[in-house]
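To be precise, the following lines are query_13.pdb, and they hold PDB, C-alpha atoms and all ligand atoms.
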MODEL        1
ATOM      1  CA  MET A   1       2.077 -14.778  -3.996
ATOM      2  CA  PRO A   2       0.618 -13.767  -7.359
ATOM      3  CA  GLU A   3       3.316 -13.669 -10.062
ATOM      4  CA  LEU A   4       3.287 -12.371 -13.640
ATOM      5  CA  PRO A   5       0.635 -14.795 -15.036
ATOM      6  CA  GLU A   6      -1.710 -14.202 -12.093
ATOM      7  CA  VAL A   7      -1.372 -10.388 -12.173
ATOM      8  CA  GLN A   8      -1.803 -10.336 -15.960
ATOM      9  CA  THR A   9      -4.939 -12.508 -15.633
ATOM     10  CA  ILE A  10      -6.415  -9.936 -13.224
ATOM     11  CA  VAL A  11      -5.509  -7.091 -15.617
ATOM     12  CA  ASN A  12      -7.137  -8.952 -18.519
ATOM     13  CA  ASP A  13     -10.287  -9.607 -16.482
ATOM     14  CA  LEU A  14     -10.562  -5.960 -15.374
ATOM     15  CA  ASN A  15     -10.156  -4.847 -18.984
ATOM     16  CA  SER A  16     -12.798  -7.347 -20.149
ATOM     17  CA  ALA A  17     -15.108  -5.994 -17.450
ATOM     18  CA  GLY A  18     -14.848  -2.548 -19.061
ATOM     19  CA  LEU A  19     -13.605  -0.727 -15.961
ATOM     20  CA  THR A  20     -11.558   1.780 -17.953
ATOM     21  CA  GLY A  21     -13.456   5.042 -18.373
ATOM     22  CA  CYS A  22     -15.934   4.413 -15.524
ATOM     23  CA  ARG A  23     -16.232   7.436 -13.242
ATOM     24  CA  ILE A  24     -15.118   6.897  -9.649
ATOM     25  CA  ILE A  25     -17.670   8.402  -7.254
ATOM     26  CA  GLY A  26     -15.779   7.697  -4.053
ATOM     27  CA  ALA A  27     -13.483   5.419  -2.085
ATOM     28  CA  ARG A  28     -13.293   4.174   1.485
ATOM     29  CA  VAL A  29     -10.334   2.772   3.365
ATOM     30  CA  PHE A  30     -10.964   0.322   6.210
ATOM     31  CA  TRP A  31      -7.325  -0.597   6.993
ATOM     32  CA  PRO A  32      -5.211   2.599   6.710
ATOM     33  CA  ARG A  33      -1.843   0.895   6.205
ATOM     34  CA  THR A  34      -3.072  -0.602   2.914
ATOM     35  CA  ILE A  35      -2.605   2.871   1.365
ATOM     36  CA  ALA A  36       1.166   3.343   1.121
ATOM     37  CA  GLU A  37       0.781   6.896  -0.200
ATOM     38  CA  PRO A  38      -0.702   9.505   0.110
ATOM     39  CA  SER A  39      -2.674   9.447   3.418
ATOM     40  CA  PRO A  40      -5.939   7.450   3.260
ATOM     41  CA  GLY A  41      -7.914  10.712   3.446
ATOM     42  CA  ALA A  42      -5.957  12.295   0.591
ATOM     43  CA  PHE A  43      -6.255   9.063  -1.423
ATOM     44  CA  CYS A  44     -10.059   9.135  -1.193
ATOM     45  CA  ARG A  45     -10.224  12.874  -2.008
ATOM     46  CA  ARG A  46      -7.898  12.630  -5.006
ATOM     47  CA  ILE A  47      -9.457   9.555  -6.629
ATOM     48  CA  LYS A  48     -13.046  10.845  -6.336
ATOM     49  CA  GLY A  49     -14.503  12.062  -9.645
ATOM     50  CA  LYS A  50     -11.646  10.567 -11.678
ATOM     51  CA  GLN A  51     -11.473   7.564 -13.991
ATOM     52  CA  PHE A  52      -8.832   5.041 -15.008
ATOM     53  CA  THR A  53      -7.638   5.642 -18.581
ATOM     54  CA  ALA A  54      -6.081   2.165 -18.870
ATOM     55  CA  ILE A  55      -5.377  -0.943 -16.799
ATOM     56  CA  ASP A  56      -1.965  -2.461 -17.256
ATOM     57  CA  ARG A  57       0.816  -4.420 -15.554
ATOM     58  CA  ARG A  58       4.528  -3.956 -14.941
ATOM     59  CA  GLY A  59       6.241  -6.820 -13.130
ATOM     60  CA  LYS A  60       3.893  -7.763 -10.278
ATOM     61  CA  TYR A  61       2.345  -4.268 -10.121
ATOM     62  CA  LEU A  62      -1.126  -3.500 -11.432
ATOM     63  CA  VAL A  63      -0.911  -0.077 -13.066
ATOM     64  CA  PHE A  64      -3.983   2.192 -13.352
ATOM     65  CA  PRO A  65      -3.244   5.545 -15.009
ATOM     66  CA  VAL A  66      -5.790   8.143 -13.791
ATOM     67  CA  ASP A  67      -7.212  10.893 -16.031
ATOM     68  CA  ASP A  68      -5.626  13.680 -13.945
ATOM     69  CA  GLY A  69      -2.119  12.379 -14.740
ATOM     70  CA  ALA A  70      -1.607  10.443 -11.482
ATOM     71  CA  THR A  71      -1.230   6.637 -11.423
ATOM     72  CA  LEU A  72      -2.644   4.094  -9.006
ATOM     73  CA  LEU A  73      -0.219   1.228  -8.377
ATOM     74  CA  ILE A  74      -1.428  -1.928  -6.647
ATOM     75  CA  HIS A  75       0.925  -4.639  -5.375
ATOM     76  CA  LEU A  76      -0.903  -7.753  -4.170
ATOM     77  CA  ARG A  77       2.120  -9.144  -2.233
ATOM     78  CA  MET A  78       1.239 -12.385  -0.355
ATOM     79  CA  SER A  79      -2.528 -12.577  -0.493
ATOM     80  CA  GLY A  80      -4.075  -9.492  -2.128
ATOM     81  CA  HIS A  81      -7.085  -9.899  -4.431
ATOM     82  CA  LEU A  82      -9.313  -7.534  -6.367
ATOM     83  CA  ASN A  83     -13.015  -8.243  -6.146
ATOM     84  CA  LEU A  84     -15.254  -6.521  -8.682
ATOM     85  CA  VAL A  85     -18.799  -6.599  -7.302
ATOM     86  CA  ARG A  86     -22.133  -4.789  -7.371
ATOM     87  CA  THR A  87     -22.581  -2.066  -4.744
ATOM     88  CA  ASN A  88     -25.163  -4.067  -2.777
ATOM     89  CA  THR A  89     -22.798  -7.038  -2.260
ATOM     90  CA  PRO A  90     -22.097  -7.267   1.503
ATOM     91  CA  ARG A  91     -18.508  -6.312   2.352
ATOM     92  CA  THR A  92     -16.466  -9.263   3.583
ATOM     93  CA  LYS A  93     -13.989  -9.264   6.462
ATOM     94  CA  HIS A  94     -10.758  -8.722   4.536
ATOM     95  CA  GLU A  95     -11.904  -6.051   2.068
ATOM     96  CA  HIS A  96      -9.714  -3.141   3.207
ATOM     97  CA  VAL A  97     -10.283  -0.617   0.394
ATOM     98  CA  VAL A  98     -13.431  -0.024  -1.662
ATOM     99  CA  ILE A  99     -13.457   2.092  -4.841
ATOM    100  CA  ARG A 100     -16.999   2.952  -5.974
ATOM    101  CA  PHE A 101     -17.913   3.529  -9.621
ATOM    102  CA  ALA A 102     -20.841   5.522 -11.055
ATOM    103  CA  ASP A 103     -22.175   2.425 -12.862
ATOM    104  CA  GLY A 104     -23.011   0.676  -9.585
ATOM    105  CA  ARG A 105     -19.907  -1.488  -9.317
ATOM    106  CA  GLN A 106     -17.169  -1.526  -6.696
ATOM    107  CA  LEU A 107     -13.549  -2.604  -6.916
ATOM    108  CA  ARG A 108     -12.559  -3.993  -3.512
ATOM    109  CA  PHE A 109      -9.060  -4.767  -2.334
ATOM    110  CA  HIS A 110      -9.248  -7.987  -0.319
ATOM    111  CA  ASP A 111      -6.149  -9.066   1.588
ATOM    112  CA  PRO A 112      -6.203 -11.525   4.522
ATOM    113  CA  ARG A 113      -2.460 -11.172   5.232
ATOM    114  CA  LYS A 114      -2.503  -7.339   4.910
ATOM    115  CA  PHE A 115       0.874  -7.025   3.132
ATOM    116  CA  GLY A 116      -0.613  -5.721  -0.146
ATOM    117  CA  ARG A 117      -0.397  -1.999  -0.897
ATOM    118  CA  LEU A 118      -2.095   0.687  -2.992
ATOM    119  CA  GLN A 119      -0.269   3.884  -3.852
ATOM    120  CA  LEU A 120      -1.465   6.888  -5.821
ATOM    121  CA  VAL A 121       1.625   8.535  -7.282
ATOM    122  CA  ALA A 122       2.404  11.466  -9.581
ATOM    123  CA  ASP A 123       5.267   9.668 -11.332
ATOM    124  CA  PRO A 124       5.103   5.844 -11.439
ATOM    125  CA  ALA A 125       8.454   5.672 -13.251
ATOM    126  CA  ILE A 126      10.259   6.308  -9.942
ATOM    127  CA  ILE A 127       9.004   2.892  -8.773
ATOM    128  CA  LEU A 128       8.568   0.979 -12.039
ATOM    129  CA  ASN A 129      11.913   1.915 -13.592
ATOM    130  CA  ARG A 130      13.700   0.024 -10.820
ATOM    131  CA  LEU A 131      12.280  -3.217 -12.195
ATOM    132  CA  GLY A 132      14.225  -5.483 -14.522
ATOM    133  CA  PRO A 133      13.025  -6.387 -18.040
ATOM    134  CA  GLU A 134       9.616  -7.899 -18.779
ATOM    135  CA  PRO A 135      10.291 -11.562 -19.589
ATOM    136  CA  LEU A 136       7.493 -11.820 -22.181
ATOM    137  CA  SER A 137       8.432  -8.613 -24.016
ATOM    138  CA  SER A 138      10.043  -8.836 -27.461
ATOM    139  CA  GLY A 139      13.087  -6.977 -26.116
ATOM    140  CA  PHE A 140      13.870  -9.762 -23.635
ATOM    141  CA  THR A 141      16.073 -11.952 -25.818
ATOM    142  CA  ALA A 142      18.515 -14.711 -24.853
ATOM    143  CA  SER A 143      21.393 -12.294 -25.458
ATOM    144  CA  VAL A 144      19.835  -9.696 -23.108
ATOM    145  CA  LEU A 145      19.565 -12.424 -20.458
ATOM    146  CA  ALA A 146      23.141 -13.540 -21.173
ATOM    147  CA  SER A 147      24.594 -10.052 -20.721
ATOM    148  CA  ARG A 148      22.687  -9.571 -17.451
ATOM    149  CA  LEU A 149      23.721 -12.991 -16.067
ATOM    150  CA  LYS A 150      27.365 -12.483 -16.974
ATOM    151  CA  LYS A 151      27.720  -9.567 -14.533
ATOM    152  CA  ARG A 152      26.199 -11.323 -11.528
ATOM    153  CA  ARG A 153      28.006 -13.481  -8.990
ATOM    154  CA  ARG A 154      24.836 -14.838  -7.431
ATOM    155  CA  LEU A 155      22.994 -18.122  -7.212
ATOM    156  CA  LEU A 156      20.378 -18.539  -9.927
ATOM    157  CA  LYS A 157      17.360 -18.971  -7.682
ATOM    158  CA  PRO A 158      17.652 -15.768  -5.610
ATOM    159  CA  LEU A 159      18.785 -13.812  -8.662
ATOM    160  CA  LEU A 160      15.716 -14.803 -10.695
ATOM    161  CA  LEU A 161      13.499 -13.813  -7.744
ATOM    162  CA  ASP A 162      15.147 -10.368  -7.638
ATOM    163  CA  GLN A 163      12.644  -8.008  -9.313
ATOM    164  CA  THR A 164      15.431  -5.622 -10.360
ATOM    165  CA  PHE A 165      17.077  -8.449 -12.343
ATOM    166  CA  ILE A 166      13.925  -9.685 -14.097
ATOM    167  CA  ALA A 167      10.369  -8.549 -13.338
ATOM    168  CA  GLY A 168       7.388 -10.738 -12.521
ATOM    169  CA  LEU A 169       8.911 -14.055 -11.472
ATOM    170  CA  GLY A 170       8.265 -15.573  -8.037
ATOM    171  CA  ASN A 171       8.847 -18.882  -6.294
ATOM    172  CA  ILE A 172       6.490 -20.987  -8.444
ATOM    173  CA  TYR A 173       7.657 -19.969 -11.913
ATOM    174  CA  VAL A 174      11.369 -19.804 -10.973
ATOM    175  CA  ASP A 175      11.314 -23.422  -9.714
ATOM    176  CA  GLU A 176       9.387 -24.502 -12.807
ATOM    177  CA  ALA A 177      11.703 -22.640 -15.219
ATOM    178  CA  LEU A 178      14.881 -24.036 -13.615
ATOM    179  CA  TRP A 179      13.499 -27.583 -13.831
ATOM    180  CA  GLU A 180      12.477 -27.046 -17.445
ATOM    181  CA  ALA A 181      15.978 -25.723 -18.272
ATOM    182  CA  ARG A 182      17.652 -28.537 -16.261
ATOM    183  CA  LEU A 183      19.536 -26.006 -14.140
ATOM    184  CA  HIS A 184      20.268 -26.426 -10.427
ATOM    185  CA  PRO A 185      18.983 -23.431  -8.393
ATOM    186  CA  CYS A 186      22.437 -23.133  -6.764
ATOM    187  CA  ARG A 187      24.342 -22.664 -10.026
ATOM    188  CA  GLN A 188      26.329 -19.428 -10.248
ATOM    189  CA  ALA A 189      24.607 -16.974 -12.608
ATOM    190  CA  CYS A 190      27.874 -15.911 -14.246
ATOM    191  CA  GLY A 191      28.961 -19.529 -14.795
ATOM    192  CA  LEU A 192      26.293 -20.650 -17.289
ATOM    193  CA  ALA A 193      27.311 -21.815 -20.753
ATOM    194  CA  ALA A 194      25.617 -20.257 -23.806
ATOM    195  CA  PRO A 195      23.301 -23.261 -24.478
ATOM    196  CA  GLU A 196      22.241 -23.224 -20.806
ATOM    197  CA  ILE A 197      21.337 -19.522 -21.026
ATOM    198  CA  LYS A 198      19.295 -20.203 -24.155
ATOM    199  CA  ALA A 199      17.511 -23.044 -22.364
ATOM    200  CA  LEU A 200      16.811 -20.808 -19.349
ATOM    201  CA  HIS A 201      15.462 -18.006 -21.557
ATOM    202  CA  ARG A 202      13.173 -20.429 -23.391
ATOM    203  CA  ALA A 203      12.054 -22.057 -20.116
ATOM    204  CA  ILE A 204      11.188 -18.748 -18.388
ATOM    205  CA  ARG A 205       9.003 -17.702 -21.299
ATOM    206  CA  ARG A 206       7.441 -21.126 -21.682
ATOM    207  CA  VAL A 207       6.382 -21.503 -18.026
ATOM    208  CA  LEU A 208       4.996 -17.938 -17.899
ATOM    209  CA  LYS A 209       3.022 -18.390 -21.136
ATOM    210  CA  ARG A 210       1.647 -21.688 -19.873
ATOM    211  CA  GLY A 211       0.611 -20.032 -16.582
ATOM    212  CA  LEU A 212      -1.074 -17.214 -18.461
ATOM    213  CA  LYS A 213      -2.909 -19.589 -20.801
ATOM    214  CA  ASN A 214      -4.212 -21.455 -17.747
ATOM    215  CA  LEU A 215      -5.308 -18.160 -16.099
ATOM    216  CA  GLY A 216      -2.744 -18.455 -13.298
ATOM    217  CA  THR A 217      -1.838 -20.900 -10.562
ATOM    218  CA  SER A 218      -4.189 -21.354  -7.590
ATOM    219  CA  LEU A 219      -2.754 -23.567  -4.844
ATOM    220  CA  GLY A 220      -5.061 -25.048  -2.217
ATOM    221  CA  THR A 221      -8.405 -23.573  -1.245
ATOM    222  CA  GLY A 222      -7.476 -21.102   1.537
ATOM    223  CA  LYS A 223      -8.608 -17.466   1.407
ATOM    224  CA  ALA A 224      -5.051 -16.301   0.713
ATOM    225  CA  ASN A 225      -4.710 -18.273  -2.527
ATOM    226  CA  PHE A 226      -4.907 -16.699  -5.931
ATOM    227  CA  TYR A 227      -8.209 -16.124  -7.647
ATOM    228  CA  SER A 228      -9.094 -13.522 -10.242
ATOM    229  CA  VAL A 229     -11.685 -10.705 -10.062
ATOM    230  CA  SER A 230     -14.652 -12.992 -10.622
ATOM    231  CA  ARG A 231     -13.339 -15.407  -7.942
ATOM    232  CA  ARG A 232     -12.303 -17.732 -10.763
ATOM    233  CA  ARG A 233      -9.365 -19.956  -9.850
ATOM    234  CA  GLY A 234      -6.379 -20.518 -12.131
ATOM    235  CA  ARG A 235      -5.963 -23.958 -13.691
ATOM    236  CA  ASN A 236      -2.164 -24.039 -13.847
ATOM    237  CA  SER A 237      -1.540 -26.070 -10.659
ATOM    238  CA  ASP A 238      -2.240 -29.250 -12.660
ATOM    239  CA  GLN A 239       0.561 -28.266 -15.044
ATOM    240  CA  LEU A 240       3.326 -27.838 -12.441
ATOM    241  CA  ASN A 241       6.239 -30.256 -12.737
ATOM    242  CA  VAL A 242       8.112 -29.640  -9.465
ATOM    243  CA  PHE A 243       6.583 -26.852  -7.377
ATOM    244  CA  ARG A 244       5.054 -28.288  -4.142
ATOM    245  CA  ARG A 245       5.571 -31.798  -5.542
ATOM    246  CA  ALA A 246       8.278 -33.008  -3.138
ATOM    247  CA  GLY A 247       8.357 -36.815  -2.976
ATOM    248  CA  LEU A 248       6.434 -37.241  -6.235
ATOM    249  CA  ALA A 249       8.125 -38.541  -9.376
ATOM    250  CA  CYS A 250       9.961 -36.159 -11.693
ATOM    251  CA  PRO A 251       7.889 -36.197 -14.925
ATOM    252  CA  ARG A 252      11.149 -36.501 -16.920
ATOM    253  CA  CYS A 253      13.225 -39.138 -15.101
ATOM    254  CA  GLN A 254      10.882 -40.523 -12.390
ATOM    255  CA  SER A 255      13.329 -39.693  -9.537
ATOM    256  CA  PRO A 256      11.622 -38.178  -6.483
ATOM    257  CA  ILE A 257      11.321 -34.369  -6.470
ATOM    258  CA  GLU A 258      13.199 -32.828  -3.543
ATOM    259  CA  ARG A 259      12.597 -29.690  -1.504
ATOM    260  CA  ILE A 260      15.642 -27.733  -0.355
ATOM    261  CA  ILE A 261      16.125 -24.218   1.014
ATOM    262  CA  VAL A 262      17.969 -21.736  -1.197
ATOM    263  CA  GLY A 263      18.265 -18.122  -0.048
ATOM    264  CA  GLN A 264      15.657 -18.834   2.681
ATOM    265  CA  ARG A 265      13.102 -19.930   0.109
ATOM    266  CA  GLY A 266      11.640 -23.409  -0.240
ATOM    267  CA  THR A 267      12.905 -24.710  -3.578
ATOM    268  CA  HIS A 268      11.704 -27.721  -5.539
ATOM    269  CA  LEU A 269      13.924 -29.621  -7.941
ATOM    270  CA  CYS A 270      14.971 -32.943  -9.389
ATOM    271  CA  THR A 271      18.608 -33.459  -8.389
ATOM    272  CA  LYS A 272      19.023 -36.030 -11.151
ATOM    273  CA  CYS A 273      17.936 -33.658 -13.946
ATOM    274  CA  GLN A 274      19.347 -30.516 -12.323
ATOM    275  CA  ARG A 275      22.989 -31.035 -11.346
ATOM    276  CA  VAL A 276      25.059 -28.593  -9.255
ATOM    277  CA  VAL A 277      28.094 -29.513 -11.318
ATOM    278  CA  PRO A 278      26.895 -30.253 -14.850
ATOM    279  CA  GLY A 279      28.148 -33.489 -16.387
ATOM    280  CA  LEU A 280      29.122 -35.104 -13.067
ATOM    281  CA  PRO A 281      26.989 -37.636 -11.209
ATOM    282  CA  ARG A 282      25.403 -36.124  -8.099
TER     283      ARG A 282
HETATM  284 ZN    ZN A 301      14.296 -35.617 -13.159
ENDMDL
END

Translate this structure into structure tokens?
Ligand SMILES: [Zn+2]
Amino acid sequence: MPELPEVQTIVNDLNSAGLTGCRIIGARVFWPRTIAEPSPGAFCRRIKGKQFTAIDRRGKYLVFPVDDGATLLIHLRMSGHLNLVRTNTPRTKHEHVVIRFADGRQLRFHDPRKFGRLQLVADPAIILNRLGPEPLSSGFTASVLASRLKKRRRLLKPLLLDQTFIAGLGNIYVDEALWEARLHPCRQACGLAAPEIKALHRAIRRVLKRGLKNLGTSLGTGKANFYSVSRRRGRNSDQLNVFRRAGLACPRCQSPIERIIVGQRGTHLCTKCQRVVPGLPR
């Protein structure tokens, strides 16, 4: 699933492509359930003749304010992609929504698994205000993280995946951040010491910035894997220390990386570097 670095890479690419300000001359929906709201017919009617005034991101949502005051939100979920192509490019099997621009380009929502959603809403705050803080914003300090952790009696891994606790993290970057901070995914959130919280804060920002610099993480070559608007793959998979590296050596201590299940999610860690009870041998 695309996480913060992947979604931001798409936003950056759409902005570089100059999509803001292009007039939309029509839209077609080939898989109705992709449009969460309004109805597919109303979606096509309302978007026609409009233009996006900006292209932005909040958490894992792509945010497209429209010049009539509405906002298009796109959530890629498991396998959504945005293809930006010329009008004469043949439509491929999994392109469920096509937005046509006056300059001869089309933005196509491609989604083999069909979990991704588009919604055209009057007030995006109703959805976006439920999200936790942006981890790369200047307001997300170690003390903000500390005060949020202190109130939660939950295991670290599922808590960091909870978009209302912190926005934009998913399975890849949570596993990487916990390894970087030397924290076991099953530690209690409210039980971290101050230096551990500082390490976690630094690690979250470091792994996200690295992912962004490498234009996201693309795993494998299947159709569902991340690629950006120009079908360019991210380079960050070479930089991962634990994610999908079970059995390989921990880059820090050479012990084998393990895969366990935490909160029903596959979780990768080094049990030598990341202890359940800090200070004690495992
Ligand atoms: Zn290790």

- request: Scan for residues within 12 Å of the point (-2.5, -18.0, -2.6) in the coordinates of the file, using all atoms listed in the file, and reply as a PyMOL selection string.
  value: chain A and resi 1-3+6+76-81+111-113+171-172+216-228+233-234+237

Answer key for the PyMOL selection byres (((not hetatm)) within 12 of (chain A and resi 301)), residues as a PyMOL selection string: chain A and resi 178-184+241-242+246-258+268-275

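Residues matched by the PyMOL selection byres (((chain A and resi 32) around 12) and not hetatm) in this file: A:Arg28, A:Val29, A:Phe30, A:Trp31, A:Arg33, A:Thr34, A:Ile35, A:Ala36, A:Glu37, A:Pro38, A:Ser39, A:Pro40, A:Gly41, A:Ala42, A:Phe43, A:Cys44, A:Glu95, A:His96, A:Val97, A:Lys114, A:Phe115, A:Gly116, A:Arg117, A:Leu118, A:Gln119.
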
task: Decode the PyMOL selection byres (((chain A and resi 83) around 12) and not hetatm) for the given file into explicit residues and return them as a PyMOL selection string.
output: chain A and resi 10+13-14+17+80-82+84-87+89-92+94-100+105-111+226-232

- request: Calculate how many Å separate CA of Arg152 (chain A) from CA of Ala189 (chain A), rounding to one decimal.
  value: 6.0 Å

Close residues, Ala177 (chain A) itself excluded, 9 Å, all atoms listed in the file, min 6 positions apart in chain, as a list in words: Leu183, Leu200, His201, Arg202, Ala203, Ile204, Arg205, Arg206, Val207 and Leu208 of chain A

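Reported to one decimal place, the separation of CA of Lys157 (chain A) from CA of Gly139 (chain A) is 22.4 Å.
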
message: I want to know what sits within 7 Å of Thr71 (chain A), based on all atoms listed in the file, with residues of the same chain fewer than 2 positions away left out; could you give that as a ChimeraX atom specification?
response: /A:63-66,69,73,120-122,124

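The coordinates place CA of Thr267 (chain A) at 22.2 Å from CA of Gly132 (chain A).
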
Once you add 6 Å to each side, what are the centre and edge lengths of the axis-aligned box holding all listed atoms of region 46-62 of chain A? One decimal in Å, as AutoDock Vina command-line options, if you can.
--center_x -4.1 --center_y 2.4 --center_z -11.9 --size_x 32.7 --size_y 32.4 --size_z 25.9

task: Identify the residues within 10 Å of coordinate (28.9, -10.7, -10.6) (same frame as the file), considering only C-alpha atoms, and give the answer as an NGL selection string.
output: :A and (148-154 or 188-191)

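Proximity of A:Arg259, A:Arg210, A:Lys93, A:Arg23 to Leu240 (chain A), computed with only C-alpha atoms, is greatest for A:Arg210.
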
message: Calculated over all atoms listed in the file, which of the candidates A:Ala146, A:Ala54, A:Ala70, A:Val11 has the smallest distance to Ala194 (chain A)?
response: A:Ala146

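Using all atoms listed in the file, the nearest neighbour of Asp67 (chain A) within the list A:Ala167, A:Leu212, A:Ile24, A:Ala102 is A:Ile24.
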
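For the residues A:Leu161, A:Asn236, A:Glu176, A:Asn129, ranking by smallest atom-to-atom distance to Arg265 (chain A) using all atoms listed in the file places A:Leu161 first.
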
field: Closest of A:Leu4, A:Arg244, A:Leu72, A:Ser138 to Ile55 (chain A) - atom-to-atom distances counting all atoms listed in the file
entry: A:Leu72
